[in-house]
Every structure is written in C-alpha cells, then in structure tokens.
file structure18.cif (mmCIF, C-alpha atoms)
data_my_file
#
loop_
_atom_site.label_atom_id
_atom_site.label_comp_id
_atom_site.auth_asym_id
_atom_site.auth_seq_id
_atom_site.Cartn_x
_atom_site.Cartn_y
_atom_site.Cartn_z
CA MET S 992 -26.57 -18.76 47.81
CA ARG S 993 -26.96 -17.58 51.41
CA LYS S 994 -27.91 -14.28 52.94
CA ILE S 995 -26.30 -12.94 56.11
CA ASN S 996 -26.41 -9.66 58.01
CA TYR S 997 -23.26 -8.04 59.31
CA LEU S 998 -23.13 -5.20 61.83
CA TRP S 999 -20.71 -2.38 60.96
CA ASP S 1000 -19.73 0.58 63.11
CA ILE S 1001 -18.35 3.28 60.85
CA ASN S 1002 -17.25 6.52 62.53
CA GLY S 1003 -19.77 6.05 65.33
CA PHE S 1004 -22.68 5.21 63.02
CA ALA S 1005 -23.89 1.65 63.48
CA MET S 1006 -25.61 -0.06 60.58
CA THR S 1007 -26.43 -3.55 59.48
CA ILE S 1008 -25.44 -4.49 55.96
CA SER S 1009 -27.09 -7.44 54.27
CA TYR S 1010 -24.72 -9.83 52.50
CA THR S 1011 -25.61 -12.38 49.92
CA TYR S 1012 -22.71 -14.66 49.19
CA THR S 1013 -21.98 -17.31 46.65
CA LEU S 1014 -18.97 -19.46 45.99
CA SER S 1015 -18.09 -18.02 42.60
CA GLY S 1016 -15.61 -15.33 43.67
CA TYR S 1017 -14.57 -12.30 41.65
CA ARG S 1018 -12.71 -13.35 38.55
CA ASP S 1019 -12.72 -10.27 36.35
CA THR S 1020 -12.82 -6.49 36.71
CA SER S 1021 -16.54 -6.25 35.89
CA ASP S 1022 -17.22 -7.97 39.22
CA VAL S 1023 -15.01 -5.70 41.34
CA PRO S 1024 -17.20 -4.61 44.26
CA ASP S 1025 -17.71 -1.25 45.94
CA LEU S 1026 -16.19 0.06 49.20
CA PHE S 1027 -18.19 -2.24 51.50
CA ALA S 1028 -17.62 -5.32 49.36
CA SER S 1029 -14.46 -6.64 50.93
CA GLN S 1030 -15.06 -10.33 50.38
CA TYR S 1031 -13.54 -12.45 47.63
CA PHE S 1032 -15.13 -15.90 47.63
CA PHE S 1033 -18.42 -14.61 49.00
CA LYS S 1034 -20.56 -12.20 46.99
CA ALA S 1035 -20.51 -8.49 47.76
CA PRO S 1036 -23.16 -7.03 50.08
CA SER S 1037 -26.32 -5.61 48.62
CA ASP S 1038 -26.92 -1.93 49.16
CA ARG S 1039 -29.88 -2.51 51.47
CA VAL S 1040 -29.23 -0.98 54.87
CA ALA S 1041 -31.44 -1.89 57.82
CA GLU S 1042 -31.72 -0.75 61.41
CA PRO S 1043 -28.99 -2.08 63.71
CA SER S 1044 -29.84 -5.39 65.32
CA ALA S 1045 -28.52 -6.70 68.61
CA TYR S 1046 -28.72 -10.26 67.31
CA MET S 1047 -27.02 -11.22 64.08
CA GLU S 1048 -27.79 -14.42 62.25
CA VAL S 1049 -24.35 -14.88 60.74
CA SER S 1050 -23.30 -18.43 59.98
CA MET S 1051 -22.23 -20.56 57.03
CA SER S 1052 -22.10 -24.25 56.33
CA PHE S 1053 -18.84 -26.17 56.26
CA SER S 1054 -19.15 -26.81 52.51
CA ASP S 1055 -19.21 -23.04 51.88
CA THR S 1056 -15.61 -22.81 53.13
CA LYS S 1057 -14.13 -25.16 50.52
CA PRO S 1058 -13.19 -22.57 47.83
CA LEU S 1059 -11.34 -20.42 50.38
CA PHE S 1060 -9.45 -23.33 51.95
CA ASP S 1061 -8.63 -24.74 48.51
CA TYR S 1062 -7.22 -21.36 47.44
CA LEU S 1063 -5.13 -21.16 50.61
CA ASP S 1064 -4.01 -24.76 49.95
CA TYR S 1065 -4.87 -25.89 53.49
CA SER S 1066 -4.76 -29.60 54.31
CA GLN S 1067 -7.48 -31.22 56.40
CA HIS S 1068 -5.12 -31.08 59.39
CA GLU S 1069 -4.55 -27.33 58.88
CA VAL S 1070 -8.29 -26.65 58.57
CA ALA S 1071 -8.87 -28.66 61.76
CA GLU S 1072 -6.18 -26.59 63.50
CA LEU S 1073 -7.85 -23.37 62.34
CA MET S 1074 -11.26 -24.51 63.57
CA GLU S 1075 -9.74 -25.91 66.78
CA VAL S 1076 -11.22 -29.39 66.32
CA ASP S 1077 -9.84 -32.87 65.81
CA PRO S 1078 -9.39 -33.89 62.13
CA SER S 1079 -11.92 -36.72 62.68
CA THR S 1080 -14.48 -34.14 63.84
CA LEU S 1081 -13.77 -32.19 60.67
CA SER S 1082 -14.51 -35.29 58.60
CA ARG S 1083 -17.86 -35.63 60.36
CA TRP S 1084 -18.62 -31.94 59.79
CA LYS S 1085 -17.87 -32.39 56.09
CA LYS S 1086 -20.16 -35.41 55.89
CA GLU S 1087 -23.00 -33.64 57.75
CA ASP S 1088 -22.30 -30.23 56.15
CA LYS S 1089 -22.37 -28.71 59.62
CA THR S 1090 -23.39 -25.11 60.14
CA LEU S 1091 -20.45 -23.29 61.67
CA THR S 1092 -20.64 -21.07 64.72
CA ARG S 1093 -20.83 -17.32 64.27
CA LEU S 1094 -17.29 -16.97 65.63
CA LEU S 1095 -15.87 -19.45 63.10
CA THR S 1096 -17.90 -17.78 60.36
CA LYS S 1097 -16.45 -14.39 61.30
CA SER S 1098 -12.91 -15.80 61.25
CA ILE S 1099 -13.47 -17.28 57.80
CA MET S 1100 -15.02 -14.04 56.51
CA ASP S 1101 -11.98 -12.16 57.87
CA MET S 1102 -9.70 -14.53 55.96
CA ASP S 1103 -11.78 -13.96 52.85
CA MET S 1104 -11.42 -10.20 53.31
CA ILE S 1105 -7.62 -10.67 53.38
CA VAL S 1106 -7.79 -12.62 50.12
CA PHE S 1107 -9.91 -9.87 48.56
CA LYS S 1108 -7.44 -7.19 49.66
CA GLY S 1109 -4.43 -9.24 48.52
CA VAL S 1110 -5.82 -9.99 45.06
CA ARG S 1111 -6.68 -6.30 44.66
CA ILE S 1112 -3.15 -5.25 45.66
CA PHE S 1113 -1.29 -7.92 43.64
CA GLY S 1114 -3.62 -7.76 40.64
CA SER S 1115 -4.24 -11.50 40.30
CA GLU S 1116 -4.99 -14.62 42.31
CA ALA S 1117 -1.78 -16.26 41.11
CA LEU S 1118 0.52 -13.44 42.22
CA PHE S 1119 -1.15 -13.12 45.60
CA SER S 1120 -1.05 -16.90 46.10
CA GLU S 1121 2.68 -16.85 45.40
CA TRP S 1122 3.16 -14.14 48.06
CA LEU S 1123 0.95 -16.07 50.51
CA HIS S 1124 3.05 -19.22 50.18
CA THR S 1125 6.52 -17.61 50.35
CA SER S 1126 8.29 -16.81 53.60
CA ASN S 1127 8.33 -13.11 54.35
CA VAL S 1128 11.08 -11.26 56.22
CA SER S 1129 8.69 -8.60 57.53
CA LEU S 1130 6.56 -11.36 59.06
CA GLY S 1131 9.51 -12.96 60.87
CA ASP S 1132 10.40 -15.28 57.97
CA LYS S 1133 6.99 -16.93 58.30
CA ILE S 1134 4.70 -17.93 55.46
CA PRO S 1135 1.62 -15.62 55.38
CA ALA S 1136 -0.81 -18.48 54.60
CA ASP S 1137 0.43 -20.30 57.72
CA LEU S 1138 0.02 -17.17 59.84
CA MET S 1139 -3.58 -16.75 58.65
CA ARG S 1140 -4.64 -19.85 60.61
CA ASP S 1141 -4.21 -17.84 63.83
CA PRO S 1142 -6.31 -14.72 64.60
CA TYR S 1143 -3.21 -12.76 65.65
CA GLY S 1144 -1.32 -13.92 62.58
CA LEU S 1145 -4.25 -12.87 60.44
CA GLU S 1146 -3.85 -9.35 61.82
CA LEU S 1147 -0.14 -9.38 60.95
CA VAL S 1148 -0.88 -10.45 57.36
CA GLU S 1149 -3.53 -7.74 57.09
CA GLU S 1150 -1.08 -5.12 58.39
CA ALA S 1151 1.55 -6.27 55.88
CA LEU S 1152 -0.96 -5.99 53.02
CA GLU S 1153 -2.08 -2.58 54.24
CA ALA S 1154 1.55 -1.39 54.33
CA MET S 1155 2.08 -2.69 50.78
CA SER S 1156 -1.05 -0.90 49.58
CA TRP S 1157 0.64 2.32 50.73
CA GLY S 1158 3.88 1.56 48.91
CA ASN S 1159 5.97 -0.49 51.35
CA PHE S 1160 7.55 -3.61 49.90
CA MET S 1161 7.33 -6.69 52.09
#

call {"tool": "encode", "arguments": {"input": "structure18.cif", "output": "structure tokens"}}
result
Amino acid sequence: MRKINYLWDINGFAMTISYTYTLSGYRDTSDVPDLFASQYFFKAPSDRVAEPSAYMEVSMSFSDTKPLFDYLDYSQHEVAELMEVDPSTLSRWKKEDKTLTRLLTKSIMDMDMIVFKGVRIFGSEALFSEWLHTSNVSLGDKIPADLMRDPYGLELVEEALEAMSWGNFM
C-alpha cells in the first residue's frame, strides 16, 4: 500500500488530495468510490485535504503497474513502447522494481482513470475489456487499448467514453 498526494484545481480552487492505493481494484458495488475516486486499480483517495503544495511526491514502483497492464493485455514490448524505453530496460526495471518518474506515474494513473470510467459506464470489467479490444469506427477504426499507449490517444479514448456516458453509441 502506498500513499501519494495529487494536486487538483477545481473551479479555481487548488487543493491537494491524499491518495492511498492498493492493487486490489474495485470488484463490487460496495467498493464504488465517491466523486474524487476516479481510479480503478489504485484505491480511492482519503477525504483528508491539505494545503496546496508546490512539490508533489507522486511516484509508484514498476511492480505496482502489473494489474493495470495485465487488464489491458499489454505485452512487454507494448509496455516498453508506452514507457518509451527499450524492452531490455523494462526487464531490468522489473527485476529492480524501479520507482517510476512522476510523469510516467501520472500517465499510468490517467490510464487507470480511463479504466475506472469505462467499467462504470459498461457495468463490468469484461464488457469494458471487450470494447477496449475491438476496433471502433469513431476512433478511426483503431483499437482503444492500442490508442491508450499514446497520451493523445488516451484523450481520444476518454472523449469517446465521455460521449457514451451521455448517450452516444461508439
């Protein structure tokens, strides 16, 4: 279990929200989190709010990413592509359980937020996984899980999910 702080700016009000995350994920409706809990494989934030901080200590170890990458069915090569490293470097990171940079951590947390939103919209991990691994006309006949390896593609997948949450079918 790890604790991280995340800076939010909501309608001009800056606040730091403390997160404690685990690798268990939300598996039933009793664990469905509140408005600020938009993570799936990492536990929802606590309701402790602190003063804004200019420096955030946000990072995770490589082993923490395994449940997310397993769910997305990413190969070692695809994870290496996402992290912009050589697959041999990734093997070393796995062996050493390297602490990831804050930028990589943010990217992974953003992907986790997409999984949370998708499971909420589709109602189950299985249904969302099926959508993630099927080409989608609204995404240029691309597979959403493949698009998520790129920050711009991640935005497109998020926009598609947001549109579906408002009733569009994609």

call {"tool": "resolve_selection", "arguments": {"input": "structure18.cif", "expression": "the PyMOL selection byres ((chain S and resi 1123) around 10)", "output": "list in words"}}
result
Leu1063, Val1106, Gly1109, Ala1117, Leu1118, Phe1119, Ser1120, Glu1121, Trp1122, His1124, Thr1125, Ser1126, Asn1127, Lys1133, Ile1134, Pro1135, Ala1136, Asp1137, Leu1138, Met1139 and Val1148 of chain S

call {"tool": "write_last_selection", "arguments": {"input": "structure18.cif", "atoms": "C-alpha atoms", "output": "PDB file, in the coordinates of the input"}}
result
ATOM      1  CA  LEU S1063      -5.130 -21.160  50.610  1.00  0.00           C
ATOM      2  CA  VAL S1106      -7.790 -12.620  50.120  1.00  0.00           C
ATOM      3  CA  GLY S1109      -4.430  -9.240  48.520  1.00  0.00           C
ATOM      4  CA  ALA S1117      -1.780 -16.260  41.110  1.00  0.00           C
ATOM      5  CA  LEU S1118       0.520 -13.440  42.220  1.00  0.00           C
ATOM      6  CA  PHE S1119      -1.150 -13.120  45.600  1.00  0.00           C
ATOM      7  CA  SER S1120      -1.050 -16.900  46.100  1.00  0.00           C
ATOM      8  CA  GLU S1121       2.680 -16.850  45.400  1.00  0.00           C
ATOM      9  CA  TRP S1122       3.160 -14.140  48.060  1.00  0.00           C
ATOM     10  CA  HIS S1124       3.050 -19.220  50.180  1.00  0.00           C
ATOM     11  CA  THR S1125       6.520 -17.610  50.350  1.00  0.00           C
ATOM     12  CA  SER S1126       8.290 -16.810  53.600  1.00  0.00           C
ATOM     13  CA  ASN S1127       8.330 -13.110  54.350  1.00  0.00           C
ATOM     14  CA  LYS S1133       6.990 -16.930  58.300  1.00  0.00           C
ATOM     15  CA  ILE S1134       4.700 -17.930  55.460  1.00  0.00           C
ATOM     16  CA  PRO S1135       1.620 -15.620  55.380  1.00  0.00           C
ATOM     17  CA  ALA S1136      -0.810 -18.480  54.600  1.00  0.00           C
ATOM     18  CA  ASP S1137       0.430 -20.300  57.720  1.00  0.00           C
ATOM     19  CA  LEU S1138       0.020 -17.170  59.840  1.00  0.00           C
ATOM     20  CA  MET S1139      -3.580 -16.750  58.650  1.00  0.00           C
ATOM     21  CA  VAL S1148      -0.880 -10.450  57.360  1.00  0.00           C
TER      22      VAL S1148
END

call {"tool": "atom_distance", "arguments": {"input": "structure18.cif", "atom1": "CA of Tyr1031 in chain S", "atom2": "CA of Tyr1062 in chain S"}}
result
10.9 Å

call {"tool": "resolve_selection", "arguments": {"input": "structure18.cif", "expression": "the PyMOL selection byres ((chain S and resi 1080-1092) around 6)", "output": "VMD selection string"}}
result
chain S and resid 1050 to 1054 1077 to 1079 1093 to 1095

call {"tool": "closest_residue", "arguments": {"input": "structure18.cif", "among": "S:Arg1140, S:Arg1111, S:Asp1132, S:Glu1116", "to": "Ser1156 in chain S", "atoms": "all atoms listed in the file"}}
result
S:Arg1111

call {"tool": "atom_distance", "arguments": {"input": "structure18.cif", "atom1": "CA of Phe1113 in chain S", "atom2": "CA of Met1155 in chain S"}}
result
9.5 Å

call {"tool": "closest_residue", "arguments": {"input": "structure18.cif", "among": "S:Met1074, S:Val1110, S:Leu1152, S:Leu1130", "to": "Ser1098 in chain S", "atoms": "all atoms listed in the file"}}
result
S:Met1074

call {"tool": "atom_distance", "arguments": {"input": "structure18.cif", "atom1": "CA of Ala1071 in chain S", "atom2": "CA of Gly1131 in chain S"}}
result
24.2 Å

call {"tool": "resolve_selection", "arguments": {"input": "structure18.cif", "expression": "the PyMOL selection byres ((chain S and resi 1104) around 10)", "output": "number ranges by chain"}}
result
S: 1028-1033, 1098-1103, 1105-1110, 1149

call {"tool": "closest_residue", "arguments": {"input": "structure18.cif", "among": "S:Gln1067, S:Trp1157, S:Gly1114, S:Glu1075", "to": "Pro1142 in chain S", "atoms": "all atoms listed in the file"}}
result
S:Glu1075

call {"tool": "build_atoms", "arguments": {"input": "structure18.cif", "residues": "range 1127-1145 of chain S", "atoms": "N, CA, C and O atoms", "output": "PDB file, keeping the file's coordinate frame"}}
result
ATOM      1  N   ASN S1127       8.263 -14.558  54.444  1.00  0.00           N
ATOM      2  CA  ASN S1127       8.330 -13.110  54.350  1.00  0.00           C
ATOM      3  C   ASN S1127       9.149 -12.561  55.510  1.00  0.00           C
ATOM      4  O   ASN S1127       8.835 -12.815  56.668  1.00  0.00           O
ATOM      5  N   VAL S1128      10.180 -11.812  55.202  1.00  0.00           N
ATOM      6  CA  VAL S1128      11.080 -11.260  56.220  1.00  0.00           C
ATOM      7  C   VAL S1128      10.323 -10.352  57.181  1.00  0.00           C
ATOM      8  O   VAL S1128      10.529 -10.415  58.392  1.00  0.00           O
ATOM      9  N   SER S1129       9.414  -9.530  56.663  1.00  0.00           N
ATOM     10  CA  SER S1129       8.690  -8.600  57.530  1.00  0.00           C
ATOM     11  C   SER S1129       7.724  -9.313  58.471  1.00  0.00           C
ATOM     12  O   SER S1129       7.268  -8.733  59.444  1.00  0.00           O
ATOM     13  N   LEU S1130       7.435 -10.568  58.193  1.00  0.00           N
ATOM     14  CA  LEU S1130       6.560 -11.360  59.060  1.00  0.00           C
ATOM     15  C   LEU S1130       7.380 -12.387  59.857  1.00  0.00           C
ATOM     16  O   LEU S1130       6.878 -13.442  60.232  1.00  0.00           O
ATOM     17  N   GLY S1131       8.647 -12.078  60.094  1.00  0.00           N
ATOM     18  CA  GLY S1131       9.510 -12.960  60.870  1.00  0.00           C
ATOM     19  C   GLY S1131       9.877 -14.232  60.141  1.00  0.00           C
ATOM     20  O   GLY S1131       9.988 -15.297  60.749  1.00  0.00           O
ATOM     21  N   ASP S1132      10.074 -14.133  58.829  1.00  0.00           N
ATOM     22  CA  ASP S1132      10.400 -15.280  57.970  1.00  0.00           C
ATOM     23  C   ASP S1132       9.343 -16.380  58.033  1.00  0.00           C
ATOM     24  O   ASP S1132       9.636 -17.546  57.849  1.00  0.00           O
ATOM     25  N   LYS S1133       8.113 -15.987  58.283  1.00  0.00           N
ATOM     26  CA  LYS S1133       6.990 -16.930  58.300  1.00  0.00           C
ATOM     27  C   LYS S1133       6.247 -16.845  56.975  1.00  0.00           C
ATOM     28  O   LYS S1133       6.328 -15.852  56.254  1.00  0.00           O
ATOM     29  N   ILE S1134       5.510 -17.887  56.679  1.00  0.00           N
ATOM     30  CA  ILE S1134       4.700 -17.930  55.460  1.00  0.00           C
ATOM     31  C   ILE S1134       3.329 -17.336  55.789  1.00  0.00           C
ATOM     32  O   ILE S1134       2.654 -17.804  56.721  1.00  0.00           O
ATOM     33  N   PRO S1135       2.896 -16.288  55.068  1.00  0.00           N
ATOM     34  CA  PRO S1135       1.620 -15.620  55.380  1.00  0.00           C
ATOM     35  C   PRO S1135       0.425 -16.578  55.465  1.00  0.00           C
ATOM     36  O   PRO S1135      -0.412 -16.438  56.359  1.00  0.00           O
ATOM     37  N   ALA S1136       0.330 -17.551  54.565  1.00  0.00           N
ATOM     38  CA  ALA S1136      -0.810 -18.480  54.600  1.00  0.00           C
ATOM     39  C   ALA S1136      -0.815 -19.280  55.905  1.00  0.00           C
ATOM     40  O   ALA S1136      -1.886 -19.597  56.429  1.00  0.00           O
ATOM     41  N   ASP S1137       0.359 -19.594  56.441  1.00  0.00           N
ATOM     42  CA  ASP S1137       0.430 -20.300  57.720  1.00  0.00           C
ATOM     43  C   ASP S1137      -0.005 -19.384  58.865  1.00  0.00           C
ATOM     44  O   ASP S1137      -0.691 -19.815  59.790  1.00  0.00           O
ATOM     45  N   LEU S1138       0.397 -18.132  58.800  1.00  0.00           N
ATOM     46  CA  LEU S1138       0.020 -17.170  59.840  1.00  0.00           C
ATOM     47  C   LEU S1138      -1.490 -16.933  59.872  1.00  0.00           C
ATOM     48  O   LEU S1138      -2.054 -16.667  60.929  1.00  0.00           O
ATOM     49  N   MET S1139      -2.142 -17.044  58.733  1.00  0.00           N
ATOM     50  CA  MET S1139      -3.580 -16.750  58.650  1.00  0.00           C
ATOM     51  C   MET S1139      -4.426 -17.755  59.426  1.00  0.00           C
ATOM     52  O   MET S1139      -5.602 -17.493  59.682  1.00  0.00           O
ATOM     53  N   ARG S1140      -3.868 -18.869  59.832  1.00  0.00           N
ATOM     54  CA  ARG S1140      -4.640 -19.850  60.610  1.00  0.00           C
ATOM     55  C   ARG S1140      -4.802 -19.416  62.063  1.00  0.00           C
ATOM     56  O   ARG S1140      -5.558 -20.029  62.812  1.00  0.00           O
ATOM     57  N   ASP S1141      -4.132 -18.365  62.470  1.00  0.00           N
ATOM     58  CA  ASP S1141      -4.210 -17.840  63.830  1.00  0.00           C
ATOM     59  C   ASP S1141      -4.787 -16.427  63.768  1.00  0.00           C
ATOM     60  O   ASP S1141      -4.375 -15.642  62.913  1.00  0.00           O
ATOM     61  N   PRO S1142      -5.723 -16.069  64.657  1.00  0.00           N
ATOM     62  CA  PRO S1142      -6.310 -14.720  64.600  1.00  0.00           C
ATOM     63  C   PRO S1142      -5.275 -13.598  64.705  1.00  0.00           C
ATOM     64  O   PRO S1142      -5.390 -12.577  64.032  1.00  0.00           O
ATOM     65  N   TYR S1143      -4.244 -13.788  65.520  1.00  0.00           N
ATOM     66  CA  TYR S1143      -3.210 -12.760  65.650  1.00  0.00           C
ATOM     67  C   TYR S1143      -2.333 -12.713  64.404  1.00  0.00           C
ATOM     68  O   TYR S1143      -1.903 -11.646  63.969  1.00  0.00           O
ATOM     69  N   GLY S1144      -2.066 -13.870  63.831  1.00  0.00           N
ATOM     70  CA  GLY S1144      -1.320 -13.920  62.580  1.00  0.00           C
ATOM     71  C   GLY S1144      -2.088 -13.304  61.439  1.00  0.00           C
ATOM     72  O   GLY S1144      -1.512 -12.651  60.562  1.00  0.00           O
ATOM     73  N   LEU S1145      -3.395 -13.480  61.459  1.00  0.00           N
ATOM     74  CA  LEU S1145      -4.250 -12.870  60.440  1.00  0.00           C
ATOM     75  C   LEU S1145      -4.124 -11.350  60.472  1.00  0.00           C
ATOM     76  O   LEU S1145      -4.032 -10.705  59.425  1.00  0.00           O
TER      77      LEU S1145
END
